[in-house]
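Student: Once you've had a glance at the structure underneath, I'll fire off some questions.
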Amino acid sequence: MGLTIGVDIGGTKIAAGVVDEEGNILSTFKVPTPTTPEAIVDAIASAVEGARAGHEIVGVGIGAAGYVNRQRSTVYFAPNIDWRNEPLKEKVEARVGLPVVVENDANAAAWGEYRFGAGKGHRNVICITLGTGLGGGIIIGNKLRRGHFGVAAEFGHIRMVPDGLLCGCGSQGCWEQYASGRALVRYAKQRANATPERAETLLALGDGTPDGIEGKHISVAARQGDPVAVDSYRELARWAGAGLADLASLFDPSAFIVGGGLSDEGDLVLDPIRKSYKRWLVGAHWRPVADVIAAQLGNKAGLVGAADLAREPDPIM
């Protein structure tokens, strides 16, 4: 199929990269992320043109945070951009003169890991991204499963706690309110406020108050044995593992791939998640247990996955 370009739309920058069929990034080009929908389309086109210089490109894949239709053309809804039924494929194709596919960004990252990262050798994997929020992707039988309308795998908005914490989506008790970067910081602040004597290391890394605690402080403090930081990771892991156990009952994958910023902490996060997963997995002592493994591609997964999905046939066909 040849070279394709993957586009990753971030909160502060839009990155485009030329990717070969082995998942190697040959060149990249970045532009700042504008604030208006039309300006974002212009910025995507600019990033694509910058990346494609000197390369023969056969298609473009765009990873967008939001609900994307099954035809991989329209963004039904984006939480951080004012896109409502946005015909993104049509607009970008008109600007760059290349075939374009649009994919949910978590799906794109999941596909990148499956094809070129931690998922290589697996046919059935579930990917979750533990970042500011919680996202994911489903690969079953070597195919990315989007659902009938294209908006499957919004794992972060599975309701884990009836009438629980209010989520940004408008619902209550969503999984990402209990297993995400935001949740981790909330746990640490609550515990440090209740028992500051157990959070001396953690508090010293910030401004000395619970309100000054940031995610990076929790990681450092946990590695130094700070009780509140360690307990906060355990609480996050308890919820993350319980959710994986539910997903195992639904999909029975051979592996769960955990990506996102929190996965960068390695076994500090993954070991307690594995323990919680096995604790809550129905019949864990009598059935095969899927591996829980760290993602390998880091922040490149979405760009690489989007580029590779530009080579995939139309899922409607």
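Every chain in the structure tokens takes a letter, A first, then B, and so on in the order presented; its residues are numbered from 1, and the ligands are numbered from 1 following the presented order.
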Enumerate as a PyMOL selection string all residues of region 219-282 of chain A assigned to strand (DSSP E) by DSSP on the backbone, naming them with the chain letters and numbers the document uses.
Tutor: chain A and resi 255-259
Student: Near Gly156 (chain A), within 10 Å and counting only C-alpha atoms, which residues show up once chain neighbours fewer than 3 positions away are dropped, as a VMD selection string?
Tutor: chain A and resid 128 to 130 133 to 136 153 159 to 160 167 169 174 to 180 243
Student: Which of these residues is nearest to Thr201 (chain A), using only C-alpha atoms: A:Val68, A:Ala16, A:Val282, A:Val230?
Tutor: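 That would be A:Val230, the residue with the smallest distance to Thr201 (chain A).
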Student: Of the residues A:Asn107, A:Gly260, A:Val289, A:Pro253, which is the one nearest to Asn124 (chain A), using only C-alpha atoms?
Tutor: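 Under the stated criterion, the closest residue is A:Pro253.
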Student: Need the shell around Ile57 (chain A): protein/DNA/RNA residues with any atom at most 10 Å away, counting only C-alpha atoms. Skip same-chain ones fewer than 4 positions apart. Format as a list of chain:residue names?
Tutor: A:Met1, A:Gly2, A:Leu3, A:Thr4, A:Ile5, A:Val18, A:Val19, A:Asp20, A:Ala51, A:Arg52, A:Ala53, A:Leu98, A:Pro99
Student: Which is closest to Ala109 (chain A) among A:Asp8, A:Glu200, A:Asp291, A:Asp82, if we use only C-alpha atoms?
Tutor: A:Asp8
Student: For Ile44 (chain A), which residue among A:Leu166, A:Ala284, A:Ile138, A:Ala64 is the nearest when counting only C-alpha atoms?
Tutor: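 Distance minimum relative to Ile44 (chain A) lands on A:Ala64.
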Student: Mind giving me the straight-line distance from CA of Ala118 (chain A) to CA of Ala295 (chain A) in Å, one decimal?
Tutor: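 Atom-to-atom, CA of Ala118 (chain A) to CA of Ala295 (chain A), that is 5.4 Å.
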Student: Could you please write out, as a PDB file with C-alpha atoms, in the first residue's frame, every residue of region 118-197 of chain A that DSSP assigns to helix (DSSP H, G or I)?
Tutor:
```pdb
ATOM      1  CA  PHE A 155     -14.726   2.164  28.406  1.00  0.00           C
ATOM      2  CA  GLY A 156     -14.237   5.240  30.539  1.00  0.00           C
ATOM      3  CA  HIS A 157     -17.980   5.804  30.597  1.00  0.00           C
ATOM      4  CA  TRP A 175     -15.107   4.182  35.393  1.00  0.00           C
ATOM      5  CA  GLU A 176     -12.735   7.032  34.545  1.00  0.00           C
ATOM      6  CA  GLN A 177     -13.813   8.863  37.695  1.00  0.00           C
ATOM      7  CA  GLY A 181      -4.922  10.431  36.318  1.00  0.00           C
ATOM      8  CA  ARG A 182      -7.581  12.774  37.680  1.00  0.00           C
ATOM      9  CA  ALA A 183      -8.763  10.089  40.092  1.00  0.00           C
ATOM     10  CA  LEU A 184      -5.210   9.439  41.310  1.00  0.00           C
ATOM     11  CA  VAL A 185      -4.666  13.100  42.160  1.00  0.00           C
ATOM     12  CA  ARG A 186      -8.037  13.254  43.898  1.00  0.00           C
ATOM     13  CA  TYR A 187      -7.196  10.211  46.031  1.00  0.00           C
ATOM     14  CA  ALA A 188      -3.856  11.696  47.037  1.00  0.00           C
ATOM     15  CA  LYS A 189      -5.308  15.094  47.938  1.00  0.00           C
ATOM     16  CA  GLN A 190      -8.079  13.534  50.014  1.00  0.00           C
ATOM     17  CA  ARG A 191      -5.689  11.276  51.922  1.00  0.00           C
ATOM     18  CA  ALA A 192      -3.088  14.000  52.445  1.00  0.00           C
ATOM     19  CA  ASN A 193      -5.774  16.298  53.793  1.00  0.00           C
ATOM     20  CA  ALA A 194      -7.073  13.635  56.198  1.00  0.00           C
ATOM     21  CA  PRO A 196      -0.937  14.875  56.519  1.00  0.00           C
ATOM     22  CA  GLU A 197       1.524  13.109  58.819  1.00  0.00           C
TER      23      GLU A 197
END
```
Student: Which polymer residues have any atom within 9 Å of an atom of region 217-223 of chain A, counting only C-alpha atoms, with same-chain residues fewer than 2 positions away left out, as a list in words?
Tutor: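 Here the qualifying residues turn out to be Leu184, Val185, Ala188, Ala199, Thr201, Leu202, Leu203, Leu205, Gly206, Ile213, Glu214, Gly215, Gly225, Asp226, Pro227, Val228, Ala229, Val230, Asp231, Ser232, Tyr233, Glu265 and Leu268 of chain A.
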Student: Which residue gives the smallest distance to Gln296 (chain A) among A:Gly50, A:Gly59, A:Gly119, A:Gly241, with only C-alpha atoms counted?
Tutor: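 The answer is A:Gly119, which sits nearest to Gln296 (chain A).
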Student: If you take only C-alpha atoms and a cut-off of 10 Å, which residues of region 245-287 of chain A touch region 298-316 of chain A, and what are their nearest atom pairs and distances in Å to one decimal, in chain and number order, as CSV?
Tutor:
```
residue,atom,partner,partner_atom,distance
A:Gly259,CA,A:Gly298,CA,7.2
A:Gly260,CA,A:Gly298,CA,7.2
A:Gly261,CA,A:Gly298,CA,8.0
A:Ser263,CA,A:Gly298,CA,8.8
A:Asp264,CA,A:Gly298,CA,7.9
```
Student: Which polymer residues have any atom within 10 Å of an atom of Asp271 (chain A), counting only C-alpha atoms, with same-chain residues fewer than 6 positions away left out, as a list of chain:residue names?
Tutor: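 Answer for this query is A:Arg234, A:Ala237, A:Tyr277, A:Val292, A:Ile293.
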Student: Those same residues - N, CA, C and O atoms - I'd like them written as a PDB file, in the first residue's frame.
Tutor:
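Everything below was put into result27.pdb:
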```
ATOM      1  N   ARG A 234      -2.730   2.261  44.965  1.00  0.00           N
ATOM      2  CA  ARG A 234      -3.480   1.029  45.225  1.00  0.00           C
ATOM      3  C   ARG A 234      -4.972   1.223  44.991  1.00  0.00           C
ATOM      4  O   ARG A 234      -5.649   0.327  44.491  1.00  0.00           O
ATOM      5  N   ALA A 237      -5.546   1.295  41.322  1.00  0.00           N
ATOM      6  CA  ALA A 237      -5.376  -0.060  40.787  1.00  0.00           C
ATOM      7  C   ALA A 237      -6.568  -0.945  41.133  1.00  0.00           C
ATOM      8  O   ALA A 237      -6.965  -1.813  40.343  1.00  0.00           O
ATOM      9  N   TYR A 277      -7.090  -7.255  39.341  1.00  0.00           N
ATOM     10  CA  TYR A 277      -7.752  -7.966  38.245  1.00  0.00           C
ATOM     11  C   TYR A 277      -8.009  -9.424  38.621  1.00  0.00           C
ATOM     12  O   TYR A 277      -9.130  -9.943  38.469  1.00  0.00           O
ATOM     13  N   VAL A 292      -1.696  -8.925  31.684  1.00  0.00           N
ATOM     14  CA  VAL A 292      -1.851  -7.468  31.759  1.00  0.00           C
ATOM     15  C   VAL A 292      -0.468  -6.883  31.505  1.00  0.00           C
ATOM     16  O   VAL A 292       0.438  -7.041  32.324  1.00  0.00           O
ATOM     17  N   ILE A 293      -0.289  -6.257  30.354  1.00  0.00           N
ATOM     18  CA  ILE A 293       1.045  -5.836  29.923  1.00  0.00           C
ATOM     19  C   ILE A 293       1.071  -4.349  29.588  1.00  0.00           C
ATOM     20  O   ILE A 293       0.043  -3.753  29.263  1.00  0.00           O
TER      21      ILE A 293
END
```
Student: So that I can check the surroundings of region 71-76 of chain A, please list as a PDB file with C-alpha atoms, in the first residue's frame every protein, DNA and RNA residue that reaches within 10 Å of it, counting only C-alpha atoms and ignoring chain neighbours fewer than 4 positions away.
Tutor:
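Output (out_31.pdb):
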```
ATOM      1  CA  GLY A  61      -5.421   8.648   8.927  1.00  0.00           C
ATOM      2  CA  ILE A  62      -6.622  11.113  11.576  1.00  0.00           C
ATOM      3  CA  ALA A  64      -9.697  12.405  16.838  1.00  0.00           C
ATOM      4  CA  ALA A  65     -10.893  12.412  20.446  1.00  0.00           C
ATOM      5  CA  GLY A  66     -14.619  11.874  20.128  1.00  0.00           C
ATOM      6  CA  TYR A  67     -17.341   9.713  18.637  1.00  0.00           C
ATOM      7  CA  TRP A  83     -17.407  19.426  16.521  1.00  0.00           C
ATOM      8  CA  ARG A  84     -20.991  18.228  16.140  1.00  0.00           C
ATOM      9  CA  ASN A  85     -21.585  15.971  13.115  1.00  0.00           C
ATOM     10  CA  GLU A  86     -18.383  17.394  11.658  1.00  0.00           C
ATOM     11  CA  PRO A  87     -17.612  16.030   8.134  1.00  0.00           C
ATOM     12  CA  LEU A  88     -13.888  15.947   8.869  1.00  0.00           C
ATOM     13  CA  LYS A  89     -12.932  13.448   6.162  1.00  0.00           C
ATOM     14  CA  GLU A  90     -14.579  15.535   3.435  1.00  0.00           C
ATOM     15  CA  LYS A  91     -13.027  18.795   4.600  1.00  0.00           C
ATOM     16  CA  VAL A 100      -8.568  10.362   4.395  1.00  0.00           C
ATOM     17  CA  VAL A 101      -9.990   8.169   7.155  1.00  0.00           C
ATOM     18  CA  VAL A 102     -10.991   9.455  10.580  1.00  0.00           C
ATOM     19  CA  GLU A 103     -10.701   7.244  13.653  1.00  0.00           C
ATOM     20  CA  ASN A 104     -11.264   7.665  17.370  1.00  0.00           C
ATOM     21  CA  ARG A 146     -16.018  -0.252  16.367  1.00  0.00           C
ATOM     22  CA  PHE A 149     -22.507   2.945  14.876  1.00  0.00           C
ATOM     23  CA  GLY A 150     -18.725   3.227  15.223  1.00  0.00           C
ATOM     24  CA  VAL A 151     -18.605   4.387  18.843  1.00  0.00           C
ATOM     25  CA  ALA A 310      -5.488   4.482   6.498  1.00  0.00           C
ATOM     26  CA  ASP A 314     -13.478   0.351   4.614  1.00  0.00           C
ATOM     27  CA  PRO A 315     -15.030  -1.562   7.579  1.00  0.00           C
ATOM     28  CA  ILE A 316     -18.493  -1.186   6.021  1.00  0.00           C
ATOM     29  CA  MET A 317     -17.501  -3.246   2.994  1.00  0.00           C
TER      30      MET A 317
END
```
Student: For each of A:Val48, A:Ile257, A:Val58, A:Val269, take the minimum atom-to-atom distance to Gly112 (chain A), counting only C-alpha atoms, then give the residue where this is smallest.
Tutor: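 Of A:Val48, A:Ile257, A:Val58, A:Val269, the one nearest Gly112 (chain A) is A:Ile257, counting only C-alpha atoms.
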Student: Any idea what the distance is between CA of Val92 (chain A) and CA of Ala47 (chain A)?
Tutor: 11.2 Å
